[in-house]
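This is data-v1.cif. It holds mmCIF, C-alpha atoms.
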```
data_my_file
loop_
_atom_site.label_atom_id
_atom_site.label_comp_id
_atom_site.auth_asym_id
_atom_site.auth_seq_id
_atom_site.Cartn_x
_atom_site.Cartn_y
_atom_site.Cartn_z
CA MET A 1 214.20 48.57 333.51
CA LEU A 2 213.98 52.18 334.65
CA LEU A 3 210.68 53.89 335.37
CA SER A 4 210.18 56.88 333.05
CA GLU A 5 208.40 60.08 334.06
CA ASP A 6 205.64 59.42 331.53
CA ASP A 7 205.13 55.88 332.82
CA PHE A 8 204.95 57.20 336.37
CA GLU A 9 202.33 59.83 335.56
CA SER A 10 200.36 57.25 333.59
CA SER A 11 200.39 54.98 336.63
CA LEU A 12 198.95 57.80 338.75
CA ASP A 13 196.10 58.16 336.25
CA THR A 14 195.06 54.59 337.01
CA VAL A 15 194.99 55.40 340.74
CA ARG A 16 192.90 58.52 340.15
CA GLU A 17 190.36 56.57 338.12
CA ALA A 18 190.00 53.71 340.63
CA ALA A 19 190.23 55.70 343.90
CA ALA A 20 187.44 55.54 346.47
CA GLY A 21 186.97 59.32 346.34
CA ALA A 22 188.59 62.72 346.74
CA MET A 23 188.16 62.79 350.52
CA GLU A 24 188.18 59.02 351.06
CA GLY A 25 191.51 58.74 349.27
CA VAL A 26 192.80 55.79 347.30
CA PHE A 27 191.15 53.06 349.41
CA GLY A 28 188.59 54.47 351.82
CA PRO A 29 187.10 53.14 355.08
CA ALA A 30 185.38 50.12 353.49
CA SER A 31 188.68 48.72 352.22
CA LEU A 32 190.61 45.81 353.67
CA THR A 33 193.74 47.95 353.34
CA TRP A 34 192.42 50.43 355.91
CA ARG A 35 191.40 47.57 358.21
CA ILE A 36 194.87 45.96 358.10
CA ASP A 37 197.14 48.98 357.88
CA ARG A 38 195.46 50.86 360.73
CA GLU A 39 196.79 48.30 363.23
CA ALA A 40 199.81 49.39 365.26
CA ALA A 41 200.68 45.68 365.44
CA VAL A 42 201.88 45.89 361.85
CA PHE A 43 204.96 47.61 363.25
CA LEU A 44 206.01 44.21 364.61
CA GLY A 45 207.15 43.48 361.07
CA ALA A 46 208.98 46.76 360.40
CA GLY A 47 212.38 45.21 361.14
CA ARG A 48 211.66 42.26 358.85
CA ALA A 49 210.56 44.50 355.97
CA LEU A 50 213.67 46.64 356.37
CA LEU A 51 216.02 43.65 356.34
CA LEU A 52 214.32 42.11 353.33
CA GLN A 53 214.72 45.39 351.47
CA LEU A 54 218.37 45.66 352.53
CA ALA A 55 218.93 42.17 351.15
CA HIS A 56 218.51 43.64 347.67
CA PRO A 57 222.01 44.99 346.89
CA TRP A 58 220.66 48.03 345.06
CA VAL A 59 218.50 49.04 348.03
CA ALA A 60 221.38 48.60 350.48
CA ALA A 61 223.70 50.68 348.30
CA ALA A 62 221.09 53.40 347.88
CA ILE A 63 220.50 53.64 351.63
CA ALA A 64 224.22 53.57 352.44
CA GLU A 65 225.15 56.24 349.89
CA HIS A 66 222.09 58.48 349.67
CA SER A 67 220.12 58.19 352.90
CA ARG A 68 220.38 59.94 356.26
CA THR A 69 219.65 56.69 358.06
CA PHE A 70 222.70 56.98 360.33
CA SER A 71 222.74 60.74 360.86
CA ASP A 72 218.96 61.02 361.35
CA PRO A 73 217.45 57.53 361.88
CA ILE A 74 214.31 58.74 363.67
CA GLY A 75 213.74 61.33 360.95
CA ARG A 76 214.03 58.65 358.28
CA PHE A 77 211.55 56.48 360.18
CA HIS A 78 209.09 59.37 360.29
CA ARG A 79 209.56 60.29 356.62
CA THR A 80 209.06 56.68 355.53
CA PHE A 81 205.87 56.22 357.53
CA ASN A 82 204.57 59.66 356.59
CA THR A 83 204.87 58.68 352.93
CA THR A 84 203.27 55.25 353.24
CA PHE A 85 200.50 56.30 355.62
CA THR A 86 199.66 59.32 353.48
CA MET A 87 199.36 57.08 350.42
CA VAL A 88 196.99 54.80 352.33
CA PHE A 89 195.00 57.17 354.57
CA GLY A 90 195.41 60.60 352.97
CA THR A 91 193.01 62.34 350.63
CA LEU A 92 193.45 61.50 346.96
CA ASP A 93 195.42 64.72 346.41
CA GLN A 94 197.63 63.99 349.42
CA ALA A 95 198.32 60.43 348.25
CA LEU A 96 199.26 61.55 344.74
CA ALA A 97 201.47 64.34 346.12
CA ALA A 98 203.25 61.87 348.41
CA ALA A 99 203.82 59.55 345.45
CA ARG A 100 205.33 62.38 343.38
CA ARG A 101 207.65 63.41 346.23
CA LEU A 102 208.83 59.81 346.55
CA HIS A 103 209.38 59.52 342.81
CA ARG A 104 211.45 62.72 342.77
CA ARG A 105 213.61 61.47 345.67
CA HIS A 106 214.14 58.14 343.94
CA ALA A 107 215.03 59.84 340.65
CA ALA A 108 218.06 61.39 342.34
CA VAL A 109 219.25 58.08 343.81
CA LYS A 110 221.71 56.57 341.35
CA GLY A 111 225.18 55.16 341.73
CA ILE A 112 227.69 52.38 341.18
CA LEU A 113 227.86 49.26 343.34
CA PRO A 114 231.19 49.33 345.21
CA TRP A 115 231.14 45.57 345.78
CA ALA A 116 229.82 42.40 344.19
CA ALA A 117 226.72 40.84 345.73
CA GLY A 118 224.66 37.97 344.34
CA ARG A 119 224.05 38.43 340.64
CA PHE A 120 225.27 42.03 340.73
CA ALA A 121 228.91 42.71 339.89
CA ALA A 122 231.05 45.40 341.46
CA GLY A 123 230.81 48.51 339.31
CA ALA A 124 227.27 47.81 338.13
CA ALA A 125 225.02 50.86 337.95
CA TYR A 126 221.96 51.03 340.18
CA SER A 127 218.90 53.29 340.33
CA ALA A 128 216.16 53.56 342.95
CA ASN A 129 213.55 53.90 340.20
CA ASP A 130 214.35 50.50 338.72
CA VAL A 131 211.14 48.49 338.32
CA ALA A 132 212.54 45.24 339.77
CA ALA A 133 213.78 47.01 342.91
CA LEU A 134 210.50 48.90 343.34
CA ARG A 135 208.55 45.66 342.92
CA TRP A 136 210.59 44.03 345.68
CA VAL A 137 210.12 46.93 348.12
CA HIS A 138 206.37 46.92 347.45
CA ALA A 139 206.23 43.15 347.96
CA THR A 140 208.02 43.31 351.32
CA LEU A 141 205.47 45.83 352.62
CA VAL A 142 202.45 43.84 351.46
CA GLU A 143 203.63 40.43 352.64
CA THR A 144 204.93 41.69 355.99
CA ALA A 145 201.71 43.57 356.79
CA LEU A 146 199.65 40.40 356.46
CA LEU A 147 202.21 38.24 358.24
CA THR A 148 202.33 40.48 361.30
CA HIS A 149 198.56 41.02 361.33
CA ASP A 150 198.07 37.27 361.60
CA LEU A 151 200.62 37.03 364.42
CA VAL A 152 198.32 38.77 366.91
CA LEU A 153 194.84 38.93 365.33
CA PRO A 154 192.55 36.30 363.77
CA ALA A 155 194.16 35.07 360.57
CA LEU A 156 192.79 36.36 357.30
CA THR A 157 190.97 33.95 355.03
CA ASN A 158 192.29 33.09 351.58
CA SER A 159 189.64 35.29 349.99
CA GLU A 160 190.68 38.20 352.21
CA ARG A 161 194.31 37.71 351.21
CA GLU A 162 193.25 37.76 347.59
CA LEU A 163 191.31 40.97 348.16
CA TYR A 164 194.24 42.57 349.97
CA TRP A 165 196.46 41.78 347.00
CA VAL A 166 193.88 43.26 344.61
CA GLU A 167 193.98 46.47 346.67
CA ALA A 168 197.77 46.33 346.87
CA GLN A 169 197.83 46.51 343.09
CA LEU A 170 196.25 49.95 343.47
CA LEU A 171 198.97 50.97 345.93
CA ALA A 172 201.70 49.82 343.55
CA PRO A 173 201.18 52.62 340.97
CA LEU A 174 201.99 55.14 343.70
CA PHE A 175 205.46 53.56 343.67
CA GLY A 176 205.45 53.77 339.87
CA LEU A 177 204.60 50.15 339.17
CA ARG A 178 202.14 49.13 336.48
CA GLN A 179 199.76 46.18 336.80
CA SER A 180 201.84 44.34 334.20
CA ASP A 181 204.85 44.64 336.54
CA LEU A 182 203.08 42.67 339.30
CA PRO A 183 202.01 39.08 339.97
CA SER A 184 198.43 38.63 338.80
CA ASP A 185 196.92 37.13 341.97
CA TRP A 186 197.74 36.16 345.56
CA THR A 187 199.01 32.71 344.60
CA SER A 188 201.36 34.20 342.02
CA PHE A 189 202.47 36.76 344.58
CA THR A 190 203.44 34.05 347.09
CA VAL A 191 205.32 32.20 344.34
CA TYR A 192 207.20 35.42 343.54
CA ASN A 193 208.20 35.92 347.18
CA GLU A 194 209.36 32.33 347.57
CA ALA A 195 211.40 32.55 344.37
CA MET A 196 213.01 35.82 345.50
CA SER A 197 214.00 34.31 348.84
CA ARG A 198 215.99 31.64 346.97
CA CYS A 199 217.43 33.55 344.02
CA ASP A 200 220.63 35.57 343.73
CA SER A 201 218.76 38.84 343.20
CA LEU A 202 218.86 38.94 347.00
CA ALA A 203 222.29 38.79 348.63
CA VAL A 204 223.33 40.45 351.86
CA SER A 205 226.11 42.90 351.04
CA PRO A 206 228.65 44.45 353.42
CA ALA A 207 226.58 47.65 353.37
CA ALA A 208 223.42 45.75 354.31
CA ARG A 209 225.14 44.05 357.26
CA GLU A 210 226.58 47.37 358.46
CA ILE A 211 223.20 49.13 358.30
CA ALA A 212 221.47 46.26 360.06
CA GLU A 213 224.11 46.15 362.80
CA GLN A 214 223.92 49.91 363.35
CA ILE A 215 220.14 49.89 363.66
CA PHE A 216 219.58 46.74 365.69
CA SER A 217 222.47 47.38 368.07
CA GLY A 218 221.08 50.84 368.81
CA ARG A 219 224.26 52.61 367.69
CA ALA A 220 222.37 54.48 364.97
CA THR A 221 219.38 55.50 367.08
CA GLY A 222 220.66 55.57 370.64
CA LEU A 223 217.83 53.15 371.46
CA ARG A 224 218.70 49.50 371.84
CA VAL A 225 216.19 47.21 370.14
CA PRO A 226 214.49 44.86 372.66
CA LYS A 227 215.84 41.33 372.50
CA TRP A 228 212.39 39.86 371.88
CA TYR A 229 211.83 42.21 368.92
CA LEU A 230 215.16 41.30 367.37
CA ALA A 231 214.38 37.62 367.92
CA LEU A 232 210.98 38.01 366.23
CA THR A 233 212.56 39.87 363.33
CA ILE A 234 215.17 37.16 362.84
CA HIS A 235 212.53 34.42 363.07
CA LEU A 236 210.44 36.05 360.33
CA LEU A 237 213.35 36.16 357.87
CA PRO A 238 213.97 33.42 355.29
CA GLU A 239 216.62 31.10 356.75
CA ARG A 240 219.16 31.84 354.01
CA LEU A 241 219.04 35.59 354.60
CA ARG A 242 219.12 35.09 358.36
CA GLY A 243 222.47 33.38 357.92
CA GLU A 244 223.83 35.94 355.47
CA PHE A 245 223.07 38.76 357.91
CA GLY A 246 224.95 36.80 360.58
CA PHE A 247 221.98 36.43 362.91
CA VAL A 248 221.58 33.51 365.31
CA PHE A 249 218.19 32.12 366.31
CA GLY A 250 218.50 29.54 369.05
CA GLU A 251 216.56 28.40 372.10
CA ARG A 252 217.17 31.66 373.97
CA GLU A 253 215.83 33.74 371.08
CA GLN A 254 212.87 31.38 370.62
CA ARG A 255 211.96 31.66 374.30
CA SER A 256 212.24 35.46 374.32
CA MET A 257 210.04 35.75 371.23
CA ASN A 258 207.44 33.29 372.49
CA LEU A 259 207.03 35.05 375.84
CA ALA A 260 206.58 38.43 374.18
CA LEU A 261 204.14 37.14 371.56
CA ALA A 262 202.06 35.35 374.20
CA LEU A 263 201.67 38.62 376.11
CA ILE A 264 200.95 40.68 372.99
CA ARG A 265 198.37 38.18 371.71
CA ARG A 266 196.59 38.31 375.05
CA LEU A 267 196.57 42.09 375.50
CA TYR A 268 196.58 43.66 372.05
CA PRO A 269 193.14 42.51 370.78
CA ARG A 270 191.57 43.92 373.98
CA LEU A 271 192.94 47.41 373.48
CA PRO A 272 190.42 50.05 372.37
CA MET A 273 190.80 51.13 368.74
CA ARG A 274 191.63 54.61 370.01
CA ILE A 275 194.96 53.14 371.20
CA ARG A 276 195.42 50.33 368.66
CA ALA A 277 194.89 52.35 365.48
CA VAL A 278 197.73 54.46 364.08
CA GLY A 279 197.28 58.23 364.10
CA PRO A 280 196.88 58.72 360.32
CA TYR A 281 193.92 56.31 360.26
CA GLN A 282 192.24 58.23 363.07
CA GLU A 283 192.99 61.50 361.27
CA ALA A 284 191.34 60.08 358.15
CA LEU A 285 188.20 59.15 360.11
CA ALA A 286 188.04 62.65 361.58
CA ARG A 287 188.36 64.12 358.08
CA LEU A 288 185.47 62.02 356.79
CA GLN A 289 183.37 63.21 359.73
CA GLY A 290 183.91 66.80 358.59
CA GLU A 291 186.49 67.83 361.19
CA ARG A 292 189.05 70.35 359.94
CA GLN A 293 191.80 68.79 362.03
CA PRO A 294 192.10 65.80 364.35
CA ASP A 295 191.92 66.23 368.11
CA LEU A 296 194.94 66.64 370.38
CA ALA A 297 195.29 62.90 371.09
CA VAL A 298 195.41 62.03 367.38
CA ARG A 299 197.88 64.84 366.67
CA TRP A 300 200.09 63.41 369.42
CA LEU A 301 199.83 59.92 367.91
CA ASN A 302 200.74 61.36 364.52
CA ARG A 303 203.89 62.89 365.98
CA LEU A 304 204.81 59.44 367.25
CA TRP A 305 204.21 57.73 363.89
CA ILE A 306 205.03 60.36 361.27
CA GLY A 307 206.85 63.09 363.17
CA ARG A 308 204.20 65.75 362.52
CA PRO A 309 200.68 66.51 363.82
CA MET A 310 198.93 65.88 360.49
CA MET A 311 199.62 64.15 357.20
CA GLU A 312 201.01 66.41 354.49
#
```
Could you rewrite the structure in this file as structure tokens?
Amino acid sequence: MLLSEDDFESSLDTVREAAAGAMEGVFGPASLTWRIDREAAVFLGAGRALLLQLAHPWVAAAIAEHSRTFSDPIGRFHRTFNTTFTMVFGTLDQALAAARRLHRRHAAVKGILPWAAGRFAAGAAYSANDVAALRWVHATLVETALLTHDLVLPALTNSERELYWVEAQLLAPLFGLRQSDLPSDWTSFTVYNEAMSRCDSLAVSPAAREIAEQIFSGRATGLRVPKWYLALTIHLLPERLRGEFGFVFGEREQRSMNLALALIRRLYPRLPMRIRAVGPYQEALARLQGERQPDLAVRWLNRLWIGRPMME
């Protein structure tokens, strides 16, 4: 089912009504979303989220045919994080504007699958604004954020997971999803993810394998991914998808991952928040303290995370 323009604008109305405030943005500093998403450690799951999204044939085709992932991989990284961080940490106007820009980009992403994959036949039409595909992308971001948080920080309680999912249902309309498009609670959300990992809506296509190989080999970015990070990414994938991507996870990979995680778990929680927290979160705090722009250190961090000194 395709997301109409009217449905999208209606979804933004629900965000506007439930938002923490004009300056606080959609969630605000008291939210669990700010507490989780501010952590740089969440980036440990970026590779997993990307691969899970690529495992949806429509997403892989859209990236292969409409994205500048190969010609400008760093730029795509920055644009993606600028959008998501602005939705989470921006003012309400900034978050809504970021959502509209994303919707317009997605509206132009349409095509025909050049190959069969899973339940999708060759020649089937795809669209980036399809509700099922949007729901899957949203789910990968939510699940991976909590998974990676718990890798290096004290695990969230069941009630905190439930609260995070409640807040995630306010993020979803920025993607164009309505509450009726989403699992009703955390338990239903985990059931949805488990079902997706087993069903033929996910199938690793030739395009998905090529994109993954380009990125994780370093051919697309010029930067080779550390072996421990690749091992962690592979470990966090469902076993079926791990095999379909052609990844191997053996004793060597396990050892590399374990050594890295042991070091990160020891050092990361001791880092000051000034280093741990992503730039957009620190920019948001400065905004709420009445500063017209963040200081030089935060602007530098923003360039690292979103490719620009301040959120749009």
Practice prompt. Do a neighbour search on Ala49 in chain A at 7 Å with only C-alpha atoms, toss out local chain neighbours closer than 3 positions, and write the hits as a ChimeraX atom specification.
Written response: /A:45-46,52-53,140-141,144
Item to complete: Have a look at CA of Ala128 in chain A and CA of Phe175 in chain A and let me know their distance in Å, one decimal.
Response: 10.7 Å
Worksheet entry | Between CA of Leu182 in chain A and CA of Ser10 in chain A - distance in Å to one decimal | 15.9 Å
Name the residues that the PyMOL selection byres ((chain A and resi 133) around 10) picks from the file above, as a PDB file with C-alpha atoms, in the coordinates of the input, using the file's chain letters and numbers.
```pdb
ATOM      1  CA  MET A   1     214.200  48.570 333.510  1.00  0.00           C
ATOM      2  CA  LEU A   2     213.980  52.180 334.650  1.00  0.00           C
ATOM      3  CA  GLN A  53     214.720  45.390 351.470  1.00  0.00           C
ATOM      4  CA  HIS A  56     218.510  43.640 347.670  1.00  0.00           C
ATOM      5  CA  PRO A  57     222.010  44.990 346.890  1.00  0.00           C
ATOM      6  CA  TRP A  58     220.660  48.030 345.060  1.00  0.00           C
ATOM      7  CA  VAL A  59     218.500  49.040 348.030  1.00  0.00           C
ATOM      8  CA  TYR A 126     221.960  51.030 340.180  1.00  0.00           C
ATOM      9  CA  SER A 127     218.900  53.290 340.330  1.00  0.00           C
ATOM     10  CA  ALA A 128     216.160  53.560 342.950  1.00  0.00           C
ATOM     11  CA  ASN A 129     213.550  53.900 340.200  1.00  0.00           C
ATOM     12  CA  ASP A 130     214.350  50.500 338.720  1.00  0.00           C
ATOM     13  CA  VAL A 131     211.140  48.490 338.320  1.00  0.00           C
ATOM     14  CA  ALA A 132     212.540  45.240 339.770  1.00  0.00           C
ATOM     15  CA  LEU A 134     210.500  48.900 343.340  1.00  0.00           C
ATOM     16  CA  ARG A 135     208.550  45.660 342.920  1.00  0.00           C
ATOM     17  CA  TRP A 136     210.590  44.030 345.680  1.00  0.00           C
ATOM     18  CA  VAL A 137     210.120  46.930 348.120  1.00  0.00           C
ATOM     19  CA  HIS A 138     206.370  46.920 347.450  1.00  0.00           C
ATOM     20  CA  ALA A 139     206.230  43.150 347.960  1.00  0.00           C
ATOM     21  CA  SER A 201     218.760  38.840 343.200  1.00  0.00           C
TER      22      SER A 201
END
```
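Residues with any atom within 9 Å of range 297-311 of chain A, counting all atoms listed in the file and excluding same-chain neighbours fewer than 4 positions away, are Ile74, Gly75, Phe77, His78, Arg79, Thr80, Phe81, Asn82, Thr83, Phe85, Thr86, Phe89, Gly90, Gln94, Arg274, Ile275, Val278, Gly279, Pro280, Gln282, Glu283 and Gln293 of chain A.
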Fill in: Selection under test: the PyMOL selection byres ((chain A and resi 192) around 12); residues as a PyMOL selection string
chain A and resi 132+135-136+139-140+143+181-191+193-199
Fill in: Counting all atoms listed in the file, the option among A:Leu285, A:Leu177, A:Ile211, A:Ala122 closest to Ala30 in chain A
A:Leu285
Just say which residues the PyMOL selection byres ((chain A and resi 123) around 12) picks in this file, as a CSV table (one decimal) with C-alpha atoms, in the coordinates of the input.
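Written output follows (expr_16.csv):
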```
chain,number,residue,atom,x,y,z
A,58,TRP,CA,220.7,48.0,345.1
A,61,ALA,CA,223.7,50.7,348.3
A,111,GLY,CA,225.2,55.2,341.7
A,112,ILE,CA,227.7,52.4,341.2
A,113,LEU,CA,227.9,49.3,343.3
A,114,PRO,CA,231.2,49.3,345.2
A,115,TRP,CA,231.1,45.6,345.8
A,116,ALA,CA,229.8,42.4,344.2
A,117,ALA,CA,226.7,40.8,345.7
A,120,PHE,CA,225.3,42.0,340.7
A,121,ALA,CA,228.9,42.7,339.9
A,122,ALA,CA,231.0,45.4,341.5
A,124,ALA,CA,227.3,47.8,338.1
A,125,ALA,CA,225.0,50.9,338.0
A,126,TYR,CA,222.0,51.0,340.2
```
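A straight line drawn from CA of Phe249 in chain A to CA of Ala60 in chain A is 23.1 Å long.
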Shell around Ala168 in chain A at 8 Å using only C-alpha atoms, local window under 3 positions removed, as a JSON list (two decimals) with C-alpha atoms, in the coordinates of the input:
```
[["chain", "number", "residue", "atom", "x", "y", "z"],
["A", 33, "THR", "CA", 193.74, 47.95, 353.34],
["A", 142, "VAL", "CA", 202.45, 43.84, 351.46],
["A", 164, "TYR", "CA", 194.24, 42.57, 349.97],
["A", 165, "TRP", "CA", 196.46, 41.78, 347.00],
["A", 171, "LEU", "CA", 198.97, 50.97, 345.93],
["A", 172, "ALA", "CA", 201.70, 49.82, 343.55]]
```
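With all atoms listed in the file as the basis for measurement, A:Val88 is the residue among A:Leu241, A:Met257, A:Val88, A:Val152 that approaches Arg38 in chain A most closely.
Minimum atom-to-atom distances from A:Ala64, A:Leu50, A:Ala262, A:Leu174 to Arg101 in chain A were compared using only C-alpha atoms, and the lowest value belongs to A:Leu174.
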With a distance cut-off of 10 Å and all atoms listed in the file, select the neighbouring residues of Asp150 in chain A, excluding the residue or stretch itself and same-chain residues fewer than 5 positions from it, and output the selection as a tab-separated table (two decimals) with C-alpha atoms, keeping the file's coordinate frame.
```
chain	number	residue	atom	x	y	z
A	36	ILE	CA	194.87	45.96	358.10
A	41	ALA	CA	200.68	45.68	365.44
A	42	VAL	CA	201.88	45.89	361.85
A	144	THR	CA	204.93	41.69	355.99
A	145	ALA	CA	201.71	43.57	356.79
A	155	ALA	CA	194.16	35.07	360.57
A	156	LEU	CA	192.79	36.36	357.30
```
Worksheet entry | Shortest interatomic distance to Thr14 in chain A - which of A:Pro154, A:Gly47, A:Gly118, A:Gly176, counting all atoms listed in the file | A:Gly176
Worksheet, complete the sentence: Counting only C-alpha atoms, closest pick from A:Leu163, A:Leu44, A:Leu147, A:Ala22 relative to Leu96 in chain A is A:Ala22
